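Below is one structure; the comments refer to it alone.
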Amino acid sequence: MFRSTSLALVAVVATVAHCEAADSLRQGSRGTAVRQVQSMLVAHGHRIAVDGIYGPRTANAVRAFQRSRGLPATGRVDDATRSALGRRLQRGDRGPLVRALQQELRAAGIRVGVDGVFGPETERGVAAAAQRGIRLASLTPGSGGSGETRTETRTETRTETRTGGGSPVRDASARVRGLIREAEQVLASNRNGFRQDVFVVVDLAAPSSRDRFYVVRRGSSQVDGYFTSHGSGSDPGNTGYATRFSNTNNSHMTSVGVYRTAETYSGRHGYSLKLDGLSGTNSRARARAIVIHPANYVQEGSHAGRSWGCFALDPRHSRSVIDAIKGGALLYCPNPQR
């Protein structure tokens, strides 16, 4: 196990760009600020496109969110709505909320990449904003919209991972480490239900252009990360993020929950692995033919195309992965919007 310590900034961030006030957002608005609000709504489970256009569907999603929080359902993004939408972000987080932070930093003139990954560059950007006195409006519920960017120091243990079965990556995200701990708890409570030597966690909060299918070999420090697909119905806008999930036939959506790997077979895509869904959210995995299979539209170093709900892998690695996890291993794929 590789161990190191680091200082991690924890940011409380806004969904609106520095250059546009949140209370100006209403039906008809367009731009980065709208896109950021849409990203936050998607993170709260609302099914809308993140296109930067404040149309009727975005307005309806805002009203629905406001009603769910006991706010006046105006369909406009005011300070109270902005505050209720918020959450804390920290180094290691990934997804549309981090992307919104990065877009806000760029709008404020701080050079950071917009990749949805809260890594060292984003951490430095948050620190630079604090040093320059740039206001990153607080969206943390109960904060009162103070606009403070808070930092804290903490010590982290990092797990050594390997990307694509290759060189080690010694910065497994906090989210992935958390998913691994959750999977370990599932195994501890079902010792006779799964293989105990290996398991898989799938981090659907990550985009399809990054590792998010992790094979964890217990009793060692090895965690192998791979690209994997999500369903086309889970990402109708082909944004690279899965935002919708279903257990319904012909939905072409990914199903979330606890799976158990089963038998291998040779099918239309080649050497593949069947899965049994053990949760109410994925119980139709067999009937829907949700499996692990190779696919040419998944290529390490590029991005993963969309499947019909299967966990497709790069053909260069799929056989070795399938052989490592077949026959009763846990595959843990929680809803990233929980």
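Each chain of the structure tokens is named A, B, ... in the order shown, its residues numbered from 1; ligands are numbered from 1 in display order.
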Shell of 12 Å around Gly270 (chain A), only C-alpha atoms, local chain residues under 4 positions omitted, as a count of residues only: 15
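Between CA of Ala262 (chain A) and CA of Lys326 (chain A) there is a distance of 5.9 Å.
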Spatial neighbours of His44 (chain A), max dist 12 Å, only C-alpha atoms, sep filter under 4 positions, as a PyMOL selection string: chain A and resi 37-40+48+61-62+64-66+68-69+84-87+96-97+243-244+335-338
